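Input: a single structure, listed below in C-alpha cells.
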Amino acid sequence: MNGAELILKMDSEVKEVLDFMQSNIQACRLVSVANSIKDIAPILWGHYEPKEEIALVLEMPPILPDVPQSVATESCLD
C-alpha cells in the first residue's frame with residue numbers, strides 16, 4: 001500500500017465480548033453463536049434505552065497536503 005497504514009479501531013466492550021467468545025466457544029460455532037445473540041438480544045435487553053455503538057472502524061490516515069509529492073514518496077520508500 002505504498003507505506004500507508006490503515007487504522008483499525010474497535011469498541012473496547014465489543015472486543016472484550018469477542019475475546020471471551022473466542023476463548024470459550026469452539027471456532028466452528030462462533031458465527032452461529034454470534035447470530036443467535038443478535039436474535040436474542042432485543043428480547044433480553046430491549047427494554048433498556050438503546051445507545052448506538054460503532055463496533056468497528058477502519059480508517060486511513062489523512063494525506064498531508066503540505067508535503068510535496070517527492071518528499072511523501074521518498075519517505076514511503078525508506
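Letters A, B, ... go to the chains of the C-alpha cells in the order shown; residues in each chain start at 1; ligands are counted from 1 in the same order.
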
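Residues surrounding Ile54 in chain A within 10 Å are Lys9, Met10, Asp11, Val14, Lys51, Glu52, Leu56 and Val57 of chain A [only C-alpha atoms; sequence separation below 2 positions excluded].
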
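Reported to one decimal place, the separation of CA of Glu53 in chain A from CA of Ile40 in chain A is 17.7 Å.
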
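Of the listed residues (A:Glu59, A:Leu18, A:Tyr48, A:Ser12), A:Leu18 comes nearest to Val33 in chain A; the distances count only C-alpha atoms.
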
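Between CA of Ser23 in chain A and CA of Asp39 in chain A there is a distance of 21.8 Å.
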
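Among the residues of range 6-66 of chain A, backbone DSSP assigns alpha helix (DSSP H) to Ser12, Glu13, Val14, Lys15, Glu16, Val17, Leu18, Asp19, Phe20, Met21, Gln22, Ser23, Asn24, Leu30, Val31, Ser32, Val33, Ala34, Asn35, Ser36, Ile37, Lys38, Asp39, Ile40, Ala41, Pro42, Ile43, Leu44 and Trp45 of chain A.
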